[in-house]
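Chemist: Sharing a structure with you now.
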Amino acid sequence: MMLDRCDGNLSELNYGEIVAQTLAMYDVKHFFFGGGDPHELFVGLEDANINMILCRSEKAAAYMADAYARISYKPGVCYAQPGPGATNLAAGLAEPYFASSPVIAITTGWPPHILVRQRYQGIDQLQPFQAVTKWNMLLTSLESTPNMLRQAFRESTTGNPGPVHLDVPMDIAKSRAEVKLSADKTFAKYPALRNAPDQEKTQQAAILLANSDNPVIIAGHGAMLSQAWNEVLELATVLSIPVATTLSAKGIIPEDHPFSIGVVGSYGRKSANKIVNDSDLVFFVGCRTGSMATDSWTVPKSGTKVIHLDVDARELGRNYATEVALLGDAKLGLQNLIGFLKNIAKKSRGSRIEQIQKIVKEWKRIRDSEMSSDEVPIKPPRVIKEIRNFLGSEDILVADTGYMAAWTGAFYDTHKAGRTYIRAAGSLGWAFPASMGAWLAAPQRKVVCVTGDGGIGYHLTELETALRCKIPTITVILNNRSLAFEYHILKYFYGGKAYASSDFYDVDYGKVATAYGGYGIRVEKPGEIAAALKEASESGKPAVLDVLIDKEAIAPISYYEKEWERMGSPPALQKLQRQL
C-alpha cells in the first residue's frame with residue numbers, strides 16, 4: 001500500500017459528504033466559492049470543519065485560491081454554481097494558468113437532457129475551462145467521485161503545476177451512493193513528485209558552467225515552485241556567478257545579496273538586462289523564456305550559449321537553442337549539478353563579481369534617490385520605500401500587474417530567500433482578492449497589497465468578504481485617477497488623443513473602506529505614509545490606504561524605451577529610463 005494513503009470503509013453518502021470528506025483527507029482548510037447549489041455540499045463542508053470563504057464573485061474566489069496555493073504550497077480549492085457562476089470562475093482561472101498555480105475548480109452544471117430544454121443558466125461548461133486548465137473533466141457517476149478527486153489532486157500538483165476543473169451534473173450532485181473514500185496525501189502539496197535530470201547531461205552542464213568566462217543564472221518561476229532557493233544560492237556561491245530572476249521568481253535570492261542583480265526582462269532593471277547581455281553563458285532555471293522574462297526575446301541576446309533546466313519538456317529549446325537541455329525538477333537538478341561541480345576545477349571570477357557589484361551599487365544609488373523624494377503629488381517609489389520599511393523580511397507583498405508589478409519589481413527588495421513576493425501574472429485586479437488568499441495561507445505574517453485605482457475597481461466589493469471573514473490585509477492604492485499605462489501611451493505616442501479612455505473620476509477609497517466598516521485613510525503627503533501603515537496594522541481590520549500619486553509618474557518598463565527610441569520622447573522621461 002502506498003504511504004500517506006487514507007482509505008475508508010464503504011458507506012452510503014451524498015455528493016456533498018463525498019466531496020467534503022475527501023477534501024478533508026487532503027488537508028484542505030479553506031474552500032473559496034460564490035454561493036449556489038447543491039446546498040448539501042456546504043453542509044458537508046461545515047461538518048468536515050473546512051472553512052468556507054463566501055466571496056462576492058466567483059472570479060475573486062479563483063484568485064483567492066490561487067494566492068493561497070502560491071503561499072501555502074498546497075492546492076487551492078474553489079467552486080461555482082451552473083451557468084454564469086461557472087464562466088466567471090473559468091475567467092478567474094486564467095491567472096493561475098499563467099502562473100502555474102495548482103487550483104482545483106469544481107462546478108455543478110446541468111446534464112445534457114436538461115440543457116437541450118433551455119434550462120435557466122444552462123450552458124456547456126467544459127468549453128470555457130478548456131483554455132485555462134491542464135485537466136478538464138465531466139463527472140459521469142457519483143461512485144466515481146473519489147477517484148476523480150484523487151486525479152484532480154494528482155494533475156494539479158505534478159509536473160508543471162496548474163489549475164484543473166471537475167464539472168458535476170446536478171442530477172449526480174443531488175444523489176446518494178455507496179462509496180469508499182480514499183486520498184493519496186502525496187498529492188496534497190506540490191511539487192508532489194520530483195524527477196532528476198539525466199546524469200550525463202548534468203555533468204555536461206557542470207563542465208560548461210565551470211569553464212565559461214561570464215556565466216549568469218536566470219532563476220524563473222519554476223525554481224520558486226520547486227522551492228529551490230537554497231540550491232540557487234549554493235550554485236551561485238560554488239561558481240561565483242551572479243543571479244538574476246524573472247519577476248515571478250523575485251525573492252528566490254535575497255536582493256541585498258552580493259550575487260543578486262535583480263529582476264530581468266520587460267519589467268526588470270536596465271542594469272540587470274545589460275549584465276545578462278554581457279554574459280557568454282546563461283543558465284535558465286525553471287524559466288519559460290517568454291516575452292516578459294526575456295524582454296521580447298532580446299535578453300539574452302541572440303547567439304548566447306544557453307543551458308536550460310525545466311520540469312516541462314515543452315519549454316526546453318522553445319525560444320533559445322540550448323547547449324544542454326536538462327529535463328527535471330529544479331531543486332533536484334541543481335543539487336546534482338552542485339555535486340558534479342565540487343569535483344571540477346572552476347575559473348576564478350572574483351574580478352567579474354566586483355565589477356557587477358559596482359554596477360548594481362550604482363543602480364541602487366540612483367534608485368534610492370528616487371525613493372527618497374518628498375515631492376507632492378507623491379512619487380510611487382517613495383510609497384514602495386515606506387512599505388519596505390514597514391514589512392518584515394518574512395512578510396508578504398502582493399502586487400497587481402502593469403505599473404504595480406514594475407514599480408514593486410524595481411523598488412521593493414526582498415530580504416529573505418523564499419516566497420515573500422507574489423504578483424499578477426497578467427490579470428489586472430487580481431492583487432486585492434489574492435492578498436486575502438495569501439493571508440489565509442500565512443495568517444502569522446503581514447500581507448500588503450499594492451494596486452492602482454484601475455485594479456481595485458475590479459473587486460472592491462471583496463472588502464465585505466475581508467470584514468466578514470476577519471482578514472486584516474492592508475491594501476495600498478496608488479491612485480493616479482487614471483489607467484496610467486494607457487494614459488502615458490496615448491499622451492506620448494498618440495499625441496494626447498483619446499484621453500477619455502484612460503481617465504477616472506477621483507474616488508476617495510479611504511472613505512469607501514470606512515463606509516464598509518474597515519480602516520480607511522487618504523494619504524496626500526510622503527511624510528504621512530509610515531504613520532498610516534502603522535495605524536492600519538494596529539486597527540486589526542481590513543485596511544485601505546488611498547495614496548494620491550503623481551499622474552505623470554512612469555514605471556521603468558522597457559516598452560517605453562523601445563517606443564521612445566523609435567518615436568522620440570521628452571527629455572525628463574528619457575532620463576528616467578536611462579537611469580533605471
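Convention: chains lettered A, B, ... in C-alpha cells order; per-chain residue numbering from 1; ligands numbered from 1 as shown.
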Write out as JSON lines a residue-level contact list of segment 396-498 of chain A versus segment 355-377 of chain A with cut-off 10 Å: for each qualifying residue the closest pair of atoms and the distance in Å to one decimal, counting only C-alpha atoms, rows sorted by chain and residue number upward.
Modeler:
```
{"residue": "A:Ala410", "atom": "CA", "partner": "A:Arg367", "partner_atom": "CA", "distance": 8.3}
{"residue": "A:Phe411", "atom": "CA", "partner": "A:Arg367", "partner_atom": "CA", "distance": 7.1}
{"residue": "A:Asn480", "atom": "CA", "partner": "A:Pro377", "partner_atom": "CA", "distance": 9.3}
```
Chemist: I need the residues from that last selection saved to file as a PDB file, in the first residue's frame (with C-alpha atoms), if you can.
Modeler:
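And here's out36.pdb as it stands now:
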```pdb
ATOM      1  CA  ALA A 410      12.287  47.590  -9.333  1.00  0.00           C
ATOM      2  CA  PHE A 411      11.962  49.355  -5.976  1.00  0.00           C
ATOM      3  CA  ASN A 480      -3.441  58.500 -10.135  1.00  0.00           C
TER       4      ASN A 480
END
```
Chemist: For segment 345-348 of chain A, work out the shell of residues within 8 Å, counting only C-alpha atoms and skipping chain neighbours fewer than 2 positions away, then give it as an MDAnalysis selection string.
Modeler: chainID A and resid 210:213 239:240 341 343 350
Chemist: Could you dump the residues just selected with C-alpha atoms as a short mmCIF file (atom, residue, chain, number, x, y, z; two decimals), in the first residue's frame?
Modeler:
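And here's again_15.cif as it stands now:
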```cif
data_model
loop_
_atom_site.label_atom_id
_atom_site.label_comp_id
_atom_site.auth_asym_id
_atom_site.auth_seq_id
_atom_site.Cartn_x
_atom_site.Cartn_y
_atom_site.Cartn_z
CA ALA A 210 32.83 25.78 -14.77
CA ASN A 211 34.70 26.79 -17.93
CA SER A 212 32.71 29.78 -19.15
CA ASP A 213 34.13 33.27 -18.64
CA LEU A 239 30.58 29.15 -9.16
CA SER A 240 30.92 32.80 -8.05
CA LEU A 341 30.84 20.97 -9.70
CA ASN A 343 34.88 17.87 -8.26
CA GLY A 350 36.29 37.42 -8.37
#
```
Chemist: Write out as a list of chain:residue names the residues lying within 6 Å of His308 of chain A, counting only C-alpha atoms and excluding same-chain residues fewer than 5 positions away.
Modeler: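 Listed by chain and then number, they are A:Phe283, A:Phe284, A:Ala325, A:Leu326.
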Chemist: Could you please take those selected residues and save C-alpha atoms as a CSV table (one decimal), in the first residue's frame?
Modeler:
```csv
chain,number,residue,atom,x,y,z
A,283,PHE,CA,21.6,29.2,-17.2
A,284,PHE,CA,17.8,29.3,-17.2
A,325,ALA,CA,18.7,20.8,-22.0
A,326,LEU,CA,18.0,19.3,-18.6
```
Chemist: Find, counting only C-alpha atoms, the residue in A:Ile353, A:Ile123, A:Val311, A:Ile172 that gets nearest to Ser260 of chain A.
Modeler: A:Ile353
Chemist: For atom CA of Val383 of chain A and atom CA of Thr245 of chain A, determine how far apart the two atoms are, in Å to one decimal place.
Modeler: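 Here the two named atoms are 23.1 Å from each other.
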Chemist: List the neighbours of Thr133 of chain A out to 12 Å using only C-alpha atoms; skip same-chain residues closer than 5 positions along the sequence, and give me the result as JSON, numbers by chain.
Modeler: {"A": [89, 90, 91, 92, 93, 94, 95, 96, 97, 98, 99, 100, 101, 102, 103, 104, 105, 126, 127, 128, 152, 155, 156, 160, 161, 162, 163, 164, 165, 166]}
Chemist: Since we have the selection now, will you write its residues out, keeping C-alpha atoms, as a PDB file, in the first residue's frame?
Modeler:
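Saved result, out_8.pdb, follows:
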```pdb
ATOM      1  CA  LEU A  89     -14.836  31.039 -12.301  1.00  0.00           C
ATOM      2  CA  ALA A  90     -13.302  29.977 -15.618  1.00  0.00           C
ATOM      3  CA  ALA A  91     -12.277  33.579 -16.293  1.00  0.00           C
ATOM      4  CA  GLY A  92     -10.571  33.644 -12.906  1.00  0.00           C
ATOM      5  CA  LEU A  93      -8.560  30.510 -13.721  1.00  0.00           C
ATOM      6  CA  ALA A  94      -6.636  32.325 -16.441  1.00  0.00           C
ATOM      7  CA  GLU A  95      -4.400  33.791 -13.728  1.00  0.00           C
ATOM      8  CA  PRO A  96      -3.344  30.508 -12.040  1.00  0.00           C
ATOM      9  CA  TYR A  97      -2.959  29.046 -15.530  1.00  0.00           C
ATOM     10  CA  PHE A  98      -0.469  31.798 -16.427  1.00  0.00           C
ATOM     11  CA  ALA A  99       1.256  31.336 -13.055  1.00  0.00           C
ATOM     12  CA  SER A 100       1.351  27.506 -12.993  1.00  0.00           C
ATOM     13  CA  SER A 101      -0.571  27.562  -9.733  1.00  0.00           C
ATOM     14  CA  PRO A 102      -2.379  24.376  -8.562  1.00  0.00           C
ATOM     15  CA  VAL A 103      -6.039  25.329  -8.211  1.00  0.00           C
ATOM     16  CA  ILE A 104      -8.818  22.746  -8.125  1.00  0.00           C
ATOM     17  CA  ALA A 105     -12.044  24.195  -9.512  1.00  0.00           C
ATOM     18  CA  LEU A 126     -16.464  22.262 -20.137  1.00  0.00           C
ATOM     19  CA  GLN A 127     -15.671  24.557 -23.048  1.00  0.00           C
ATOM     20  CA  PRO A 128     -14.900  27.756 -21.080  1.00  0.00           C
ATOM     21  CA  ALA A 152      -7.620  16.234  -9.807  1.00  0.00           C
ATOM     22  CA  GLU A 155      -2.916  16.524 -12.080  1.00  0.00           C
ATOM     23  CA  SER A 156      -2.685  19.857 -10.285  1.00  0.00           C
ATOM     24  CA  ASN A 160       4.271  21.789 -14.199  1.00  0.00           C
ATOM     25  CA  PRO A 161       1.539  22.591 -11.629  1.00  0.00           C
ATOM     26  CA  GLY A 162      -1.659  24.207 -12.796  1.00  0.00           C
ATOM     27  CA  PRO A 163      -5.421  24.588 -12.441  1.00  0.00           C
ATOM     28  CA  VAL A 164      -7.802  21.681 -13.047  1.00  0.00           C
ATOM     29  CA  HIS A 165     -11.586  21.524 -13.352  1.00  0.00           C
ATOM     30  CA  LEU A 166     -14.231  18.955 -12.488  1.00  0.00           C
TER      31      LEU A 166
END
```
Chemist: Nearest to Asn273 of chain A: which of A:Asn14, A:Thr289, A:Thr465, A:Ser558 is it, counting only C-alpha atoms?
Modeler: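 Checking each of A:Asn14, A:Thr289, A:Thr465, A:Ser558 against Asn273 of chain A, counting only C-alpha atoms, the winner is A:Ser558.
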Chemist: Hey, what does DSSP flag as helix (DSSP H, G or I) within segment 147-391 of chain A? Can you give it to me as a PyMOL selection string?
Modeler: chain A and resi 147-157+170-173+185-188+199-211+221-225+229-239+247-249+270-277+313-315+330-341+350-371+380-390
Chemist: When you look at segment 518-526 of chain A with a cut-off of 9 Å (counting only C-alpha atoms), what residues show up, excluding the ones that are within fewer than 4 positions of it in the same chain? I need them as an MDAnalysis selection string.
Modeler: chainID A and resid 373:379 382:383 386 463:464 466:467 508:514 530 532 535:536 539:549
